[in-house]
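Asks: What follows is work.cif, made up of mmCIF, C-alpha atoms and all ligand atoms:
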```cif
data_final
#
loop_
_atom_site.label_atom_id
_atom_site.label_comp_id
_atom_site.auth_asym_id
_atom_site.auth_seq_id
_atom_site.Cartn_x
_atom_site.Cartn_y
_atom_site.Cartn_z
CA MET A 1 3.35 -2.62 -61.23
CA ILE A 2 1.48 -0.94 -58.40
CA PRO A 3 1.52 -3.29 -55.40
CA GLN A 4 -1.86 -4.54 -54.24
CA GLN A 5 -2.90 -3.03 -50.95
CA ASP A 6 -3.04 -5.64 -48.19
CA GLN A 7 -6.75 -5.77 -47.26
CA ARG A 8 -5.91 -7.22 -43.88
CA GLY A 9 -4.21 -3.98 -42.80
CA PRO A 10 -1.03 -3.80 -40.76
CA LYS A 11 0.00 -6.85 -38.80
CA PRO A 12 -1.06 -6.49 -35.16
CA THR A 13 1.79 -5.90 -32.70
CA PRO A 14 0.13 -6.85 -29.43
CA TRP A 15 3.30 -6.24 -27.40
CA LEU A 16 3.40 -2.65 -28.62
CA GLY A 17 -0.25 -2.09 -27.62
CA LYS A 18 0.40 -3.56 -24.19
CA ALA A 19 3.57 -1.51 -23.69
CA THR A 20 1.73 1.68 -24.64
CA GLN A 21 -1.13 0.82 -22.30
CA ASN A 22 1.30 0.15 -19.45
CA ALA A 23 3.08 3.44 -20.04
CA ALA A 24 -0.24 5.34 -20.13
CA SER A 25 -1.41 3.63 -16.94
CA ARG A 26 1.91 4.40 -15.19
CA LEU A 27 1.66 8.04 -16.30
CA ASP A 28 -1.90 8.23 -14.97
CA GLU A 29 -0.72 6.71 -11.67
CA TYR A 30 2.08 9.28 -11.27
CA ARG A 31 -0.24 12.14 -12.23
CA THR A 32 -2.86 11.11 -9.66
CA PHE A 33 -0.25 10.60 -6.95
CA PHE A 34 1.59 13.84 -7.62
CA ASN A 35 -1.62 15.94 -7.85
CA THR A 36 -2.87 14.57 -4.53
CA ALA A 37 0.54 15.04 -2.90
CA VAL A 38 0.76 18.67 -4.03
CA ARG A 39 -2.68 19.45 -2.60
CA ASN A 40 -2.18 17.45 0.63
CA PRO A 41 1.55 17.04 1.29
CA LYS A 42 1.13 16.02 4.94
CA MET A 43 -1.55 13.46 4.14
CA VAL A 44 0.45 11.78 1.36
CA GLY A 45 3.94 12.29 2.79
CA ALA A 46 5.67 11.41 -0.51
CA ALA A 47 5.99 12.80 -4.02
CA THR A 48 5.91 9.50 -5.94
CA PRO A 49 4.58 5.98 -5.38
CA THR A 50 6.97 3.41 -3.89
CA SER A 51 9.02 1.15 -6.17
CA ALA A 52 8.49 -2.45 -7.28
CA ALA A 53 11.36 -3.48 -4.98
CA VAL A 54 9.43 -2.17 -1.97
CA ALA A 55 6.28 -3.94 -3.15
CA ALA A 56 8.14 -7.26 -3.47
CA THR A 57 9.38 -7.05 0.14
CA VAL A 58 6.01 -5.98 1.52
CA ALA A 59 4.20 -8.85 -0.21
CA GLN A 60 6.20 -11.43 1.75
CA VAL A 61 3.98 -11.04 4.84
CA VAL A 62 0.88 -11.91 2.82
CA PRO A 63 -0.41 -15.43 3.58
CA THR A 64 -0.69 -17.67 0.53
CA THR A 65 -3.05 -20.29 1.99
CA GLY A 66 -6.47 -20.39 3.64
CA ALA A 67 -8.83 -17.44 3.32
CA PRO A 68 -6.76 -14.58 4.71
CA VAL A 69 -7.86 -11.00 5.21
CA VAL A 70 -5.30 -8.34 4.30
CA VAL A 71 -5.84 -4.66 5.03
CA GLU A 72 -3.80 -1.95 3.36
CA LEU A 73 -3.78 1.40 5.14
CA GLY A 74 -3.07 4.16 2.62
CA PRO A 75 -2.81 2.16 -0.62
CA GLY A 76 -2.44 5.41 -2.61
CA THR A 77 -2.47 4.52 -6.29
CA GLY A 78 -1.87 0.85 -5.46
CA SER A 79 1.87 0.45 -6.01
CA LEU A 80 1.96 -2.24 -3.29
CA SER A 81 -1.44 -3.69 -4.13
CA ASP A 82 -0.54 -5.79 -7.21
CA GLY A 83 2.15 -7.72 -5.34
CA ILE A 84 -0.24 -8.37 -2.46
CA HIS A 85 -2.99 -9.44 -4.84
CA ARG A 86 -0.72 -11.86 -6.73
CA ARG A 87 0.08 -13.78 -3.54
CA LEU A 88 -3.44 -13.99 -2.18
CA PRO A 89 -5.26 -17.31 -2.58
CA GLU A 90 -8.81 -17.68 -3.89
CA GLY A 91 -11.33 -16.61 -1.23
CA ALA A 92 -9.03 -14.04 0.38
CA ARG A 93 -10.13 -10.48 1.09
CA HIS A 94 -7.95 -7.50 0.24
CA ILE A 95 -9.26 -4.25 1.70
CA GLY A 96 -7.70 -0.87 1.05
CA ILE A 97 -8.54 2.06 3.34
CA GLU A 98 -7.60 5.29 1.63
CA LEU A 99 -8.27 8.90 2.65
CA GLY A 100 -7.51 10.65 -0.65
CA LYS A 101 -10.52 10.87 -2.97
CA GLY A 102 -8.39 11.04 -6.15
CA MET A 103 -6.45 7.96 -5.01
CA VAL A 104 -9.72 6.12 -4.32
CA GLU A 105 -11.02 6.90 -7.81
CA HIS A 106 -7.74 5.70 -9.33
CA LEU A 107 -7.90 2.44 -7.36
CA GLN A 108 -11.51 1.86 -8.34
CA ALA A 109 -10.59 2.28 -12.00
CA HIS A 110 -7.38 0.20 -11.95
CA LYS A 111 -7.67 -2.38 -9.15
CA PRO A 112 -11.21 -3.78 -9.49
CA TRP A 113 -10.28 -6.89 -7.45
CA MET A 114 -9.67 -4.83 -4.32
CA GLU A 115 -12.32 -3.77 -1.77
CA ILE A 116 -11.68 -0.05 -1.61
CA VAL A 117 -12.92 1.97 1.32
CA HIS A 118 -12.81 5.74 1.16
CA GLY A 119 -12.07 6.36 4.81
CA ASP A 120 -9.62 7.17 7.58
CA ALA A 121 -7.26 4.61 9.11
CA GLY A 122 -8.19 6.29 12.40
CA ASP A 123 -11.62 4.65 12.05
CA LEU A 124 -10.14 1.21 11.38
CA GLN A 125 -12.16 -0.73 13.95
CA ALA A 126 -15.48 0.79 12.88
CA LEU A 127 -14.67 0.23 9.19
CA LEU A 128 -13.76 -3.41 9.80
CA ASP A 129 -17.00 -3.92 11.76
CA LYS A 130 -18.96 -2.34 8.93
CA HIS A 131 -17.39 -4.75 6.44
CA GLY A 132 -18.02 -7.80 8.65
CA ILE A 133 -14.34 -8.45 9.48
CA ASP A 134 -13.44 -9.66 12.96
CA ARG A 135 -9.79 -10.58 12.42
CA VAL A 136 -7.06 -9.50 10.03
CA ASP A 137 -4.10 -11.64 8.96
CA ALA A 138 -1.91 -8.79 7.73
CA VAL A 139 -2.05 -5.02 8.06
CA ILE A 140 0.19 -3.30 5.51
CA SER A 141 0.49 0.39 6.24
CA SER A 142 2.24 3.12 4.33
CA ILE A 143 0.45 6.14 5.78
CA PRO A 144 2.98 8.85 6.75
CA TRP A 145 3.44 7.62 10.32
CA SER A 146 6.30 9.95 11.22
CA LEU A 147 4.22 13.03 10.33
CA LEU A 148 1.25 12.03 12.48
CA PRO A 149 0.63 13.66 15.86
CA ALA A 150 1.38 11.37 18.80
CA ASP A 151 -2.27 10.67 19.64
CA ALA A 152 -3.06 9.73 16.02
CA GLN A 153 -0.07 7.35 15.89
CA ASP A 154 -1.25 5.64 19.08
CA HIS A 155 -4.90 5.53 18.06
CA ILE A 156 -4.27 3.88 14.67
CA LEU A 157 -1.55 1.54 15.96
CA ARG A 158 -3.72 0.27 18.83
CA GLN A 159 -6.61 -0.49 16.50
CA ALA A 160 -4.34 -2.28 14.01
CA ALA A 161 -2.80 -4.41 16.79
CA ASP A 162 -6.24 -5.24 18.23
CA ALA A 163 -7.54 -6.29 14.81
CA LEU A 164 -4.71 -8.77 14.17
CA ALA A 165 -5.18 -12.54 14.31
CA PRO A 166 -2.75 -14.27 16.73
CA GLN A 167 -0.38 -15.25 13.89
CA GLY A 168 -0.95 -11.98 12.04
CA ALA A 169 1.65 -9.44 10.92
CA PHE A 170 1.66 -5.66 10.99
CA THR A 171 3.97 -3.83 8.62
CA ALA A 172 4.71 -0.15 8.34
CA LEU A 173 6.81 1.72 5.81
CA THR A 174 8.66 4.96 6.41
CA TYR A 175 11.44 6.74 4.60
CA LEU A 176 14.75 5.77 6.16
CA SER A 177 15.46 9.48 6.75
CA ALA A 178 12.08 9.95 8.51
CA ASP A 179 13.10 7.34 11.10
CA GLN A 180 15.49 9.93 12.60
CA THR A 181 12.85 12.66 12.97
CA PRO A 182 11.06 13.13 16.34
CA GLY A 183 7.88 11.59 14.89
CA GLY A 184 9.81 8.69 13.39
CA ARG A 185 11.69 7.96 16.61
CA ARG A 186 8.48 8.12 18.59
CA PHE A 187 6.78 5.71 16.19
CA ARG A 188 9.64 3.20 16.49
CA GLY A 189 9.35 3.36 20.29
CA ARG A 190 5.60 2.82 20.12
CA LEU A 191 6.06 -0.23 17.89
CA ALA A 192 8.40 -1.74 20.48
CA GLN A 193 5.77 -1.15 23.18
CA THR A 194 2.95 -2.58 21.07
CA PHE A 195 4.55 -5.75 19.62
CA ASP A 196 6.66 -8.55 21.04
CA GLU A 197 8.67 -8.79 17.81
CA VAL A 198 9.74 -5.83 15.66
CA LEU A 199 12.02 -6.56 12.70
CA THR A 200 13.40 -3.99 10.29
CA HIS A 201 14.49 -4.20 6.70
CA THR A 202 15.74 -1.45 4.36
CA THR A 203 14.93 -1.38 0.66
CA TRP A 204 17.65 0.67 -1.00
CA ARG A 205 16.11 0.39 -4.46
CA ASN A 206 13.69 3.25 -3.82
CA LEU A 207 14.30 6.98 -3.87
CA PRO A 208 14.63 7.72 -1.00
CA PRO A 209 15.32 4.31 0.62
CA ILE A 210 12.46 2.76 2.57
CA LEU A 211 12.55 1.31 6.06
CA HIS A 212 10.13 -1.58 6.65
CA TYR A 213 8.93 -2.53 10.12
CA ILE A 214 7.56 -6.06 10.34
CA CYS A 215 5.83 -6.68 13.67
CA ARG A 216 4.18 -9.73 15.22
CA ARG A 217 2.54 -10.82 18.49
CA PRO A 218 0.77 -7.72 19.78
CA LEU A 219 1.25 -7.13 23.50
CA ALA A 220 -1.82 -6.71 25.65
C1 LIG B 301 3.24 7.64 1.27
S1 LIG B 301 1.68 7.38 0.47
C2 LIG B 301 1.83 5.61 0.13
C3 LIG B 301 1.02 5.16 -1.05
C4 LIG B 301 1.32 3.77 -1.56
N1 LIG B 301 0.95 2.75 -0.60
C5 LIG B 301 2.76 3.60 -1.95
O1 LIG B 301 3.47 2.85 -1.27
O2 LIG B 301 3.17 4.19 -2.95
C6 LIG B 301 0.54 7.49 1.83
C7 LIG B 301 -0.91 7.21 1.48
O3 LIG B 301 -1.66 7.15 2.69
C8 LIG B 301 -2.87 7.88 2.53
N2 LIG B 301 -3.29 8.28 3.89
C9 LIG B 301 -2.72 9.21 4.70
N3 LIG B 301 -3.34 9.27 5.89
C10 LIG B 301 -4.33 8.33 5.84
C11 LIG B 301 -5.32 7.91 6.77
N4 LIG B 301 -5.41 8.45 7.99
N5 LIG B 301 -6.19 6.94 6.39
C12 LIG B 301 -6.10 6.38 5.16
N6 LIG B 301 -5.19 6.75 4.23
C13 LIG B 301 -4.31 7.71 4.56
C14 LIG B 301 -2.49 9.01 1.62
O4 LIG B 301 -3.61 9.58 0.99
C15 LIG B 301 -1.56 8.30 0.64
O5 LIG B 301 -2.27 7.71 -0.40
#
```
Would you put the structure from the file into structure tokens?
Replies:
Amino acid sequence: MIPQQDQRGPKPTPWLGKATQNAASRLDEYRTFFNTAVRNPKMVGAATPTSAAVAATVAQVVPTTGAPVVVELGPGTGSLSDGIHRRLPEGARHIGIELGKGMVEHLQAHKPWMEIVHGDAGDLQALLDKHGIDRVDAVISSIPWSLLPADAQDHILRQAADALAPQGAFTALTYLSADQTPGGRRFRGRLAQTFDEVLTHTTWRNLPPILHYICRRPLA
């Protein structure tokens, strides 16, 4: 006997659909990141997005109560953004300032809950004014600090420190190896001059390992 064809079609396998979607989205993320990095290696300062382990550490400075404002400098394709978003309470603002146009388009397509600004961290104060923000609870930065000229390091750092609320936190990520370069050493020294407290943490589960600076209480 010829078996009757099941009119309902194949049983849905939602987990498979989701897994395929996740893989496609991850592939798109890597493609966007890599293409931008190849065209602008100094601007991106990395070949791939940072790992989930880095994102988990970074997210710890994000306030979970009140109506905090969190600013990400250089969100890239948003590898840190999901962890930040998950911690933020209702009514919070999560602003990403990103210089790369391809990165901005990727963020707009994949992170609709984020306020994405296509702009330069060097214009931080003006961008915050434009978006009606007068204090920031956390600045999370992963721009390539160690590759920046001295005056650009100082200019961005001063604006970030000035924008912070009294209990706010500034974090910066660099490759552990970059910390030993002239630009990396200079940046570390500048952090010590700008903040009363500078803590460090290394995430080894990233290739290459990442050094986190977590800074509080800006000095005048
Ligand atoms: C090392 S990637 C980090 C991306 C992402 N946050 C991550 O952890 O995977 C640096 C990012 O900073 C962006 N960037 C570099 N200079 C910038 C600037 N002056 N203003 C805003 N974004 C900048 C780059 O386009 C890039 O997306």
Asks: Let me make sure I understand: among A:Val44, A:Ala178, A:Ala150, A:Ala19, which one has the smallest atom-to-atom distance to ligand LIG 301 (chain B) if we use all atoms listed in the file?
Replies: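 Once distances to ligand LIG 301 (chain B) are computed over all atoms listed in the file, the minimum belongs to A:Val44.
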Asks: Taking only residues of region 116-203 of chain A that have an atom at most 9 Å from an atom of region 63-87 of chain A, what is each one's shortest atom pair and its distance in Å to one decimal, using all atoms listed in the file, in chain and number order, as CSV?
Replies:
```
residue,atom,partner,partner_atom,distance
A:Asp120,CA,A:Leu73,CA,8.6
A:Ala121,CA,A:Leu73,CA,6.2
A:Leu124,CA,A:Leu73,CA,8.9
A:Ile133,CA,A:Val69,CA,8.2
A:Arg135,CA,A:Val69,CA,7.5
A:Val136,CA,A:Val69,CA,5.1
A:Asp137,CA,A:Val69,CA,5.3
A:Ala138,CA,A:Val70,CA,4.8
A:Val139,CA,A:Val71,CA,4.9
A:Ile140,CA,A:Glu72,CA,4.7
A:Ser141,CA,A:Leu73,CA,4.5
A:Ser142,CA,A:Gly74,CA,5.7
A:Ile143,CA,A:Gly74,CA,5.1
A:Pro144,CA,A:Gly74,CA,8.7
```
Asks: Keeping only C-alpha atoms, write those residues as a PDB file, in the coordinates of the input.
Replies:
```
ATOM      1  CA  ASP A 120      -9.620   7.170   7.580  1.00  0.00           C
ATOM      2  CA  ALA A 121      -7.260   4.610   9.110  1.00  0.00           C
ATOM      3  CA  LEU A 124     -10.140   1.210  11.380  1.00  0.00           C
ATOM      4  CA  ILE A 133     -14.340  -8.450   9.480  1.00  0.00           C
ATOM      5  CA  ARG A 135      -9.790 -10.580  12.420  1.00  0.00           C
ATOM      6  CA  VAL A 136      -7.060  -9.500  10.030  1.00  0.00           C
ATOM      7  CA  ASP A 137      -4.100 -11.640   8.960  1.00  0.00           C
ATOM      8  CA  ALA A 138      -1.910  -8.790   7.730  1.00  0.00           C
ATOM      9  CA  VAL A 139      -2.050  -5.020   8.060  1.00  0.00           C
ATOM     10  CA  ILE A 140       0.190  -3.300   5.510  1.00  0.00           C
ATOM     11  CA  SER A 141       0.490   0.390   6.240  1.00  0.00           C
ATOM     12  CA  SER A 142       2.240   3.120   4.330  1.00  0.00           C
ATOM     13  CA  ILE A 143       0.450   6.140   5.780  1.00  0.00           C
ATOM     14  CA  PRO A 144       2.980   8.850   6.750  1.00  0.00           C
TER      15      PRO A 144
END
```
Asks: Take every atom of ligand LIG 301 (chain B) listed in the file, pad by 6 Å on each side, and give me the axis-aligned box centre and edge lengths in Å, one decimal, as AutoDock Vina command-line options.
Replies:
```
--center_x -1.4 --center_y 6.2 --center_z 2.5 --size_x 21.7 --size_y 18.8 --size_z 22.9
```
Asks: Between CA of Cys215 (chain A) and CA of Pro166 (chain A), what is the spacing in Å?
Replies: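 Taking CA of Pro166 (chain A) and CA of Cys215 (chain A), their separation equals 11.9 Å.
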Asks: For Gln180 (chain A), which residue out of A:Gln125, A:Thr203, A:Leu211, A:His118 is the nearest one, using all atoms listed in the file?
Replies: A:Leu211
Asks: Just checking: using only C-alpha atoms, which residue out of A:Ala152, A:Met103, A:Ala47, A:Ile97 ends up closest to Thr32 (chain A)?
Replies: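 Smallest distance to Thr32 (chain A) is found for A:Met103.
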Asks: Can you pull out the residues contacting Gln108 (chain A)? Cut-off 12 Å, using all atoms listed in the file, and skip same-chain residues under 3 positions away; I want them as a count of residues only.
Replies: 20
Asks: Find the residue from A:Gly132, A:Gly122, A:Pro209, A:Pro182 that sits nearest to ligand LIG 301 (chain B); use only C-alpha atoms and all ligand atoms when measuring.
Replies: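 When distances to ligand LIG 301 (chain B) are compared using only C-alpha atoms and all ligand atoms, the smallest one comes from A:Gly122.
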Asks: Starting from the structure just given, write a file holding region 2-132 of chain A with C-alpha atoms, as a PDB file, in the first residue's frame.
Replies:
```pdb
ATOM      1  CA  ILE A   2       1.283   3.451  -0.892  1.00  0.00           C
ATOM      2  CA  PRO A   3       1.486   5.498   2.315  1.00  0.00           C
ATOM      3  CA  GLN A   4      -0.762   8.551   2.471  1.00  0.00           C
ATOM      4  CA  GLN A   5       1.178  11.766   2.246  1.00  0.00           C
ATOM      5  CA  ASP A   6       0.986  13.749   5.483  1.00  0.00           C
ATOM      6  CA  GLN A   7      -0.918  16.912   4.497  1.00  0.00           C
ATOM      7  CA  ARG A   8       0.505  18.765   7.463  1.00  0.00           C
ATOM      8  CA  GLY A   9       4.027  18.619   5.988  1.00  0.00           C
ATOM      9  CA  PRO A  10       7.175  18.006   7.988  1.00  0.00           C
ATOM     10  CA  LYS A  11       7.041  18.584  11.714  1.00  0.00           C
ATOM     11  CA  PRO A  12       8.480  22.016  12.558  1.00  0.00           C
ATOM     12  CA  THR A  13      11.880  21.962  14.281  1.00  0.00           C
ATOM     13  CA  PRO A  14      11.981  25.434  15.789  1.00  0.00           C
ATOM     14  CA  TRP A  15      15.366  24.849  17.437  1.00  0.00           C
ATOM     15  CA  LEU A  16      16.899  24.098  14.052  1.00  0.00           C
ATOM     16  CA  GLY A  17      15.459  27.313  12.562  1.00  0.00           C
ATOM     17  CA  LYS A  18      16.780  29.328  15.486  1.00  0.00           C
ATOM     18  CA  ALA A  19      20.218  27.697  15.313  1.00  0.00           C
ATOM     19  CA  THR A  20      20.446  28.418  11.588  1.00  0.00           C
ATOM     20  CA  GLN A  21      19.372  32.017  12.145  1.00  0.00           C
ATOM     21  CA  ASN A  22      21.967  32.457  14.885  1.00  0.00           C
ATOM     22  CA  ALA A  23      24.703  31.023  12.685  1.00  0.00           C
ATOM     23  CA  ALA A  24      23.685  33.300   9.776  1.00  0.00           C
ATOM     24  CA  SER A  25      23.609  36.335  12.062  1.00  0.00           C
ATOM     25  CA  ARG A  26      27.041  35.451  13.520  1.00  0.00           C
ATOM     26  CA  LEU A  27      28.440  35.020   9.997  1.00  0.00           C
ATOM     27  CA  ASP A  28      27.019  38.401   8.986  1.00  0.00           C
ATOM     28  CA  GLU A  29      28.571  39.958  12.108  1.00  0.00           C
ATOM     29  CA  TYR A  30      32.027  38.540  11.321  1.00  0.00           C
ATOM     30  CA  ARG A  31      31.760  39.553   7.667  1.00  0.00           C
ATOM     31  CA  THR A  32      30.848  43.151   8.554  1.00  0.00           C
ATOM     32  CA  PHE A  33      33.586  43.370  11.177  1.00  0.00           C
ATOM     33  CA  PHE A  34      36.278  41.842   8.999  1.00  0.00           C
ATOM     34  CA  ASN A  35      35.385  43.953   5.923  1.00  0.00           C
ATOM     35  CA  THR A  36      35.519  47.158   7.956  1.00  0.00           C
ATOM     36  CA  ALA A  37      38.775  46.113   9.640  1.00  0.00           C
ATOM     37  CA  VAL A  38      40.449  45.345   6.309  1.00  0.00           C
ATOM     38  CA  ARG A  39      39.493  48.757   4.914  1.00  0.00           C
ATOM     39  CA  ASN A  40      40.310  50.695   8.113  1.00  0.00           C
ATOM     40  CA  PRO A  41      42.740  48.651  10.233  1.00  0.00           C
ATOM     41  CA  LYS A  42      43.772  51.571  12.455  1.00  0.00           C
ATOM     42  CA  MET A  43      40.184  52.623  13.099  1.00  0.00           C
ATOM     43  CA  VAL A  44      39.014  49.132  14.069  1.00  0.00           C
ATOM     44  CA  GLY A  45      42.229  47.875  15.673  1.00  0.00           C
ATOM     45  CA  ALA A  46      41.091  44.224  15.670  1.00  0.00           C
ATOM     46  CA  ALA A  47      40.284  41.493  13.161  1.00  0.00           C
ATOM     47  CA  THR A  48      37.310  39.928  14.969  1.00  0.00           C
ATOM     48  CA  PRO A  49      34.712  41.018  17.525  1.00  0.00           C
ATOM     49  CA  THR A  50      35.477  40.367  21.209  1.00  0.00           C
ATOM     50  CA  SER A  51      34.254  37.170  22.879  1.00  0.00           C
ATOM     51  CA  ALA A  52      31.238  36.488  25.098  1.00  0.00           C
ATOM     52  CA  ALA A  53      33.621  36.201  28.073  1.00  0.00           C
ATOM     53  CA  VAL A  54      34.742  39.805  27.534  1.00  0.00           C
ATOM     54  CA  ALA A  55      31.130  40.931  27.190  1.00  0.00           C
ATOM     55  CA  ALA A  56      30.189  39.251  30.487  1.00  0.00           C
ATOM     56  CA  THR A  57      32.950  41.101  32.364  1.00  0.00           C
ATOM     57  CA  VAL A  58      32.186  44.448  30.745  1.00  0.00           C
ATOM     58  CA  ALA A  59      28.481  44.204  31.588  1.00  0.00           C
ATOM     59  CA  GLN A  60      29.237  44.164  35.321  1.00  0.00           C
ATOM     60  CA  VAL A  61      29.681  47.956  35.445  1.00  0.00           C
ATOM     61  CA  VAL A  62      26.181  48.487  34.039  1.00  0.00           C
ATOM     62  CA  PRO A  63      23.710  49.702  36.695  1.00  0.00           C
ATOM     63  CA  THR A  64      20.647  47.496  37.081  1.00  0.00           C
ATOM     64  CA  THR A  65      18.401  49.999  38.883  1.00  0.00           C
ATOM     65  CA  GLY A  66      17.062  53.508  38.298  1.00  0.00           C
ATOM     66  CA  ALA A  67      17.147  55.030  34.826  1.00  0.00           C
ATOM     67  CA  PRO A  68      20.833  54.844  33.940  1.00  0.00           C
ATOM     68  CA  VAL A  69      22.492  56.165  30.818  1.00  0.00           C
ATOM     69  CA  VAL A  70      25.178  53.935  29.303  1.00  0.00           C
ATOM     70  CA  VAL A  71      27.373  55.064  26.423  1.00  0.00           C
ATOM     71  CA  GLU A  72      29.363  52.622  24.331  1.00  0.00           C
ATOM     72  CA  LEU A  73      32.259  54.131  22.395  1.00  0.00           C
ATOM     73  CA  GLY A  74      33.009  51.950  19.368  1.00  0.00           C
ATOM     74  CA  PRO A  75      30.328  49.261  19.692  1.00  0.00           C
ATOM     75  CA  GLY A  76      31.427  47.741  16.360  1.00  0.00           C
ATOM     76  CA  THR A  77      28.985  44.978  15.486  1.00  0.00           C
ATOM     77  CA  GLY A  78      27.640  44.977  19.056  1.00  0.00           C
ATOM     78  CA  SER A  79      29.462  42.042  20.642  1.00  0.00           C
ATOM     79  CA  LEU A  80      29.353  43.826  24.020  1.00  0.00           C
ATOM     80  CA  SER A  81      25.947  45.395  23.476  1.00  0.00           C
ATOM     81  CA  ASP A  82      23.686  42.390  24.205  1.00  0.00           C
ATOM     82  CA  GLY A  83      25.209  41.851  27.652  1.00  0.00           C
ATOM     83  CA  ILE A  84      24.820  45.544  28.459  1.00  0.00           C
ATOM     84  CA  HIS A  85      21.245  45.560  27.189  1.00  0.00           C
ATOM     85  CA  ARG A  86      20.267  42.494  29.255  1.00  0.00           C
ATOM     86  CA  ARG A  87      21.301  44.204  32.503  1.00  0.00           C
ATOM     87  CA  LEU A  88      19.683  47.554  31.834  1.00  0.00           C
ATOM     88  CA  PRO A  89      16.400  48.283  33.621  1.00  0.00           C
ATOM     89  CA  GLU A  90      13.289  49.664  31.933  1.00  0.00           C
ATOM     90  CA  GLY A  91      13.711  53.383  31.200  1.00  0.00           C
ATOM     91  CA  ALA A  92      17.485  53.195  30.734  1.00  0.00           C
ATOM     92  CA  ARG A  93      19.254  54.669  27.718  1.00  0.00           C
ATOM     93  CA  HIS A  94      21.913  52.762  25.819  1.00  0.00           C
ATOM     94  CA  ILE A  95      23.748  54.911  23.290  1.00  0.00           C
ATOM     95  CA  GLY A  96      26.367  53.592  20.903  1.00  0.00           C
ATOM     96  CA  ILE A  97      28.741  56.032  19.178  1.00  0.00           C
ATOM     97  CA  GLU A  98      30.337  54.326  16.207  1.00  0.00           C
ATOM     98  CA  LEU A  99      32.552  55.751  13.457  1.00  0.00           C
ATOM     99  CA  GLY A 100      32.340  52.899  10.925  1.00  0.00           C
ATOM    100  CA  LYS A 101      29.390  53.219   8.550  1.00  0.00           C
ATOM    101  CA  GLY A 102      29.175  49.452   7.895  1.00  0.00           C
ATOM    102  CA  MET A 103      29.174  48.804  11.654  1.00  0.00           C
ATOM    103  CA  VAL A 104      26.410  51.392  12.133  1.00  0.00           C
ATOM    104  CA  GLU A 105      24.253  49.730   9.480  1.00  0.00           C
ATOM    105  CA  HIS A 106      24.805  46.335  11.113  1.00  0.00           C
ATOM    106  CA  LEU A 107      23.826  47.703  14.531  1.00  0.00           C
ATOM    107  CA  GLN A 108      20.720  49.366  13.126  1.00  0.00           C
ATOM    108  CA  ALA A 109      19.647  46.059  11.586  1.00  0.00           C
ATOM    109  CA  HIS A 110      20.458  43.821  14.583  1.00  0.00           C
ATOM    110  CA  LYS A 111      20.219  45.939  17.757  1.00  0.00           C
ATOM    111  CA  PRO A 112      17.020  47.973  17.321  1.00  0.00           C
ATOM    112  CA  TRP A 113      16.831  48.666  21.089  1.00  0.00           C
ATOM    113  CA  MET A 114      20.041  50.698  21.003  1.00  0.00           C
ATOM    114  CA  GLU A 115      20.327  54.428  20.182  1.00  0.00           C
ATOM    115  CA  ILE A 116      22.984  54.337  17.498  1.00  0.00           C
ATOM    116  CA  VAL A 117      24.908  57.462  16.627  1.00  0.00           C
ATOM    117  CA  HIS A 118      27.096  57.500  13.546  1.00  0.00           C
ATOM    118  CA  GLY A 119      29.814  59.742  14.914  1.00  0.00           C
ATOM    119  CA  ASP A 120      33.245  60.195  16.430  1.00  0.00           C
ATOM    120  CA  ALA A 121      34.015  59.590  20.109  1.00  0.00           C
ATOM    121  CA  GLY A 122      36.124  62.751  19.793  1.00  0.00           C
ATOM    122  CA  ASP A 123      32.839  64.689  19.583  1.00  0.00           C
ATOM    123  CA  LEU A 124      31.405  62.997  22.681  1.00  0.00           C
ATOM    124  CA  GLN A 125      30.338  66.131  24.540  1.00  0.00           C
ATOM    125  CA  ALA A 126      28.605  67.657  21.515  1.00  0.00           C
ATOM    126  CA  LEU A 127      26.872  64.349  20.709  1.00  0.00           C
ATOM    127  CA  LEU A 128      25.622  63.972  24.282  1.00  0.00           C
ATOM    128  CA  ASP A 129      24.319  67.566  24.231  1.00  0.00           C
ATOM    129  CA  LYS A 130      22.555  66.879  20.955  1.00  0.00           C
ATOM    130  CA  HIS A 131      20.835  63.844  22.468  1.00  0.00           C
ATOM    131  CA  GLY A 132      19.803  65.711  25.624  1.00  0.00           C
TER     132      GLY A 132
END
```
